[in-house]
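Engineer: Take this structure first; my questions come after.
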Amino acid sequence: MKSKIAVGLAGVAAAGFMAFAAAPAVEAGHHQCSIIGKFDRNRDGKLNVFEAKRAGKAVFAAINKDGDRTLEPSEVSGRIGPETFDKYNRIKRKGLDRVEWTRLVKARFYAANRDGDRTIECDELKTKAGHRLLAVIWH
Ligand SMILES: [Ca+2]
Ligand SMILES: [Ca+2]
Ligand SMILES: [Ca+2]
């Protein structure tokens, strides 16, 4: 009898842990989709490439802390990795200029658009590619 109770408690503890672990992901999902409302100019509940580019430009301005013309590695840390930085840093100045940054935003937009239509829907933001898009349009 004692062992049955112990097993039962372990089960409850495991379920409790899983519920705890799942909760933040659900909240994060809701949070992620709020960016659509923020930049959804044509009010269709989705992000088209123009809306995503606008969001990307807002990020550029927000994270370009030194106010120069480019995003340096320190300014994009946590958003893109060094390989991505090098790949899009075609004109080798200090960092990514607005054109290069926008090219990256567009590439991530199309990579995240799994159903191949013209827009990013909320569920597409919840995928790995969606997170990679969010990294360059969210602030
Ligand atoms: Ca829209
Ligand atoms: Ca800068
Ligand atoms: Ca889509």
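As shown in the structure tokens, the chain order sets the letters A, B, ...; within each chain, residues go from 1, and ligands are also counted from 1 in the order they appear.
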Using only C-alpha atoms and all ligand atoms, which residues of the polymer chains come no farther than 10 Å from ligand 2? I'd like the answer as an NGL selection string.
Structural biologist: :A and (60-61 or 63-76 or 94-97)
Engineer: Could you dump the residues just selected with N, CA and C atoms as a CSV table (one decimal), in the first residue's frame?
Structural biologist:
chain,number,residue,atom,x,y,z
A,60,PHE,N,15.7,47.4,-36.6
A,60,PHE,CA,17.0,48.0,-37.0
A,60,PHE,C,17.2,49.3,-36.2
A,61,ALA,N,16.2,50.1,-36.2
A,61,ALA,CA,16.3,51.4,-35.5
A,61,ALA,C,16.4,51.2,-34.0
A,63,ILE,N,17.6,48.6,-32.3
A,63,ILE,CA,18.8,47.9,-31.8
A,63,ILE,C,20.1,48.6,-32.2
A,64,ASN,N,20.0,49.5,-33.1
A,64,ASN,CA,21.2,50.2,-33.6
A,64,ASN,C,21.6,51.3,-32.5
A,65,LYS,N,22.1,50.8,-31.4
A,65,LYS,CA,22.3,51.7,-30.3
A,65,LYS,C,23.2,52.9,-30.5
A,66,ASP,N,24.2,52.7,-31.3
A,66,ASP,CA,25.2,53.8,-31.5
A,66,ASP,C,24.7,54.8,-32.6
A,67,GLY,N,23.5,54.5,-33.2
A,67,GLY,CA,22.9,55.4,-34.1
A,67,GLY,C,23.7,55.6,-35.4
A,68,ASP,N,24.6,54.7,-35.8
A,68,ASP,CA,25.3,54.8,-37.1
A,68,ASP,C,24.5,54.2,-38.2
A,69,ARG,N,25.1,53.8,-39.3
A,69,ARG,CA,24.4,53.3,-40.4
A,69,ARG,C,24.3,51.8,-40.4
A,70,THR,N,25.0,51.1,-39.5
A,70,THR,CA,25.0,49.7,-39.6
A,70,THR,C,24.8,49.0,-38.2
A,71,LEU,N,24.4,47.7,-38.3
A,71,LEU,CA,24.3,46.9,-37.1
A,71,LEU,C,25.5,46.1,-36.9
A,72,GLU,N,26.2,46.4,-35.9
A,72,GLU,CA,27.5,45.7,-35.6
A,72,GLU,C,27.1,44.3,-34.9
A,73,PRO,N,28.1,43.4,-34.8
A,73,PRO,CA,27.8,42.1,-34.2
A,73,PRO,C,27.3,42.3,-32.7
A,74,SER,N,27.8,43.2,-32.0
A,74,SER,CA,27.3,43.4,-30.6
A,74,SER,C,25.8,43.8,-30.6
A,75,GLU,N,25.4,44.5,-31.6
A,75,GLU,CA,24.0,45.0,-31.6
A,75,GLU,C,23.0,43.9,-32.0
A,76,VAL,N,23.5,42.9,-32.8
A,76,VAL,CA,22.6,41.8,-33.2
A,76,VAL,C,22.8,40.5,-32.4
A,94,LYS,N,31.4,48.1,-41.3
A,94,LYS,CA,31.4,47.7,-39.9
A,94,LYS,C,30.4,46.6,-39.7
A,95,GLY,N,29.2,46.7,-40.3
A,95,GLY,CA,28.2,45.8,-40.0
A,95,GLY,C,27.1,45.8,-41.1
A,96,LEU,N,25.9,45.3,-40.7
A,96,LEU,CA,24.8,45.2,-41.7
A,96,LEU,C,24.1,46.5,-41.9
A,97,ASP,N,24.1,47.0,-43.1
A,97,ASP,CA,23.3,48.2,-43.3
A,97,ASP,C,21.8,47.8,-43.5
Engineer: What's the 9 Å shell around Leu125 of chain A, counting only C-alpha atoms, without same-chain residues fewer than 6 positions away, as a PDB file with N, CA and C atoms, in the first residue's frame?
Structural biologist:
ATOM      1  N   GLY A  29       3.686  31.615 -27.171  1.00  0.00           N
ATOM      2  CA  GLY A  29       3.013  31.532 -28.456  1.00  0.00           C
ATOM      3  C   GLY A  29       2.047  32.683 -28.657  1.00  0.00           C
ATOM      4  N   GLN A  32       4.081  35.893 -29.182  1.00  0.00           N
ATOM      5  CA  GLN A  32       4.695  35.965 -30.508  1.00  0.00           C
ATOM      6  C   GLN A  32       3.726  36.520 -31.532  1.00  0.00           C
ATOM      7  N   CYS A  33       2.482  36.073 -31.469  1.00  0.00           N
ATOM      8  CA  CYS A  33       1.515  36.468 -32.484  1.00  0.00           C
ATOM      9  C   CYS A  33       1.067  37.909 -32.329  1.00  0.00           C
ATOM     10  N   ALA A 112       9.981  31.007 -43.338  1.00  0.00           N
ATOM     11  CA  ALA A 112       8.963  30.703 -42.325  1.00  0.00           C
ATOM     12  C   ALA A 112       7.582  30.457 -42.938  1.00  0.00           C
ATOM     13  N   ASN A 113       7.415  30.846 -44.199  1.00  0.00           N
ATOM     14  CA  ASN A 113       6.101  30.760 -44.844  1.00  0.00           C
ATOM     15  C   ASN A 113       5.874  29.352 -45.398  1.00  0.00           C
ATOM     16  N   HIS A 131      10.509  31.302 -35.411  1.00  0.00           N
ATOM     17  CA  HIS A 131      11.311  31.917 -34.350  1.00  0.00           C
ATOM     18  C   HIS A 131      12.503  32.669 -34.938  1.00  0.00           C
ATOM     19  N   ARG A 132      13.042  32.094 -36.028  1.00  0.00           N
ATOM     20  CA  ARG A 132      14.169  32.764 -36.687  1.00  0.00           C
ATOM     21  C   ARG A 132      13.710  34.075 -37.340  1.00  0.00           C
ATOM     22  N   LEU A 133      12.493  34.087 -37.835  1.00  0.00           N
ATOM     23  CA  LEU A 133      11.932  35.335 -38.367  1.00  0.00           C
ATOM     24  C   LEU A 133      11.697  36.333 -37.234  1.00  0.00           C
ATOM     25  N   LEU A 134      11.108  35.847 -36.163  1.00  0.00           N
ATOM     26  CA  LEU A 134      10.837  36.731 -35.016  1.00  0.00           C
ATOM     27  C   LEU A 134      12.108  37.386 -34.500  1.00  0.00           C
TER      28      LEU A 134
END
Engineer: Could you give me the residues within 9 Å of ligand 1, counting only C-alpha atoms and all ligand atoms, as a list of chain:residue names?
Structural biologist: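 Those within range of ligand 1 are A:Ile36, A:Gly37, A:Phe39, A:Asp40, A:Arg41, A:Asn42, A:Arg43, A:Asp44, A:Gly45, A:Lys46, A:Leu47, A:Asn48, A:Val49, A:Phe50, A:Glu51, A:Ala52, A:Thr119, A:Ile120.
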Engineer: Wanna dump the chain A-ligand 3 contacts at 7 Å for me, each residue with its shortest atom pair and the distance in Å to one decimal, counting only C-alpha atoms and all ligand atoms, ordered by chain and number, as a Markdown table?
Structural biologist:
| residue | atom | partner | partner_atom_place_in_ligand_line | distance |
| --- | --- | --- | --- | --- |
| A:Asn113 | CA | ligand 3 | 1 (Ca) | 4.4 |
| A:Arg114 | CA | ligand 3 | 1 (Ca) | 5.8 |
| A:Asp115 | CA | ligand 3 | 1 (Ca) | 4.9 |
| A:Gly116 | CA | ligand 3 | 1 (Ca) | 5.7 |
| A:Asp117 | CA | ligand 3 | 1 (Ca) | 4.9 |
| A:Arg118 | CA | ligand 3 | 1 (Ca) | 6.1 |
| A:Thr119 | CA | ligand 3 | 1 (Ca) | 4.5 |
| A:Ile120 | CA | ligand 3 | 1 (Ca) | 4.2 |
| A:Glu121 | CA | ligand 3 | 1 (Ca) | 5.3 |
| A:Glu124 | CA | ligand 3 | 1 (Ca) | 6.6 |
Engineer: Grab the residues selected above and save them as an mmCIF file, in the first residue's frame with C-alpha atoms.
Structural biologist:
data_model
loop_
_atom_site.group_PDB
_atom_site.id
_atom_site.type_symbol
_atom_site.label_atom_id
_atom_site.label_comp_id
_atom_site.auth_asym_id
_atom_site.auth_seq_id
_atom_site.Cartn_x
_atom_site.Cartn_y
_atom_site.Cartn_z
ATOM 1 C CA ASN A 113 6.101 30.760 -44.844
ATOM 2 C CA ARG A 114 5.522 27.019 -44.881
ATOM 3 C CA ASP A 115 2.240 26.988 -46.770
ATOM 4 C CA GLY A 116 3.740 29.058 -49.608
ATOM 5 C CA ASP A 117 1.047 31.740 -49.662
ATOM 6 C CA ARG A 118 1.824 35.459 -49.474
ATOM 7 C CA THR A 119 1.578 35.877 -45.723
ATOM 8 C CA ILE A 120 2.873 34.681 -42.357
ATOM 9 C CA GLU A 121 0.089 33.398 -40.147
ATOM 10 C CA GLU A 124 3.911 29.861 -38.787
#
Engineer: Would you mind reading off the distance between atom CA of Val59 of chain A and atom CA of Ala135 of chain A, one decimal, in Å?
Structural biologist: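 Result for atom CA of Val59 of chain A versus atom CA of Ala135 of chain A: 9.4 Å, one decimal.
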Engineer: From a backbone DSSP assignment, name each residue in segment 13-130 of chain A labelled helix (DSSP H, G or I), as a PyMOL selection string.
Structural biologist: chain A and resi 13-39+49-63+73-76+82-88+98-112+122-125+128-130
Engineer: Could you state the separation of atom CA of Leu104 of chain A and atom CA of Arg90 of chain A in Å, given to one decimal place?
Structural biologist: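 Computing the Euclidean distance for atom CA of Leu104 of chain A and atom CA of Arg90 of chain A yields 11.4 Å.
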Engineer: Distance atom CA of Asp86 of chain A-atom CA of Gly56 of chain A, one decimal place?
Structural biologist: 18.3 Å
Engineer: Using only C-alpha atoms, can you tell me which of A:Val99, A:Asp123, A:Val136, A:Ala58 comes closest to Ile80 of chain A?
Structural biologist: A:Val136
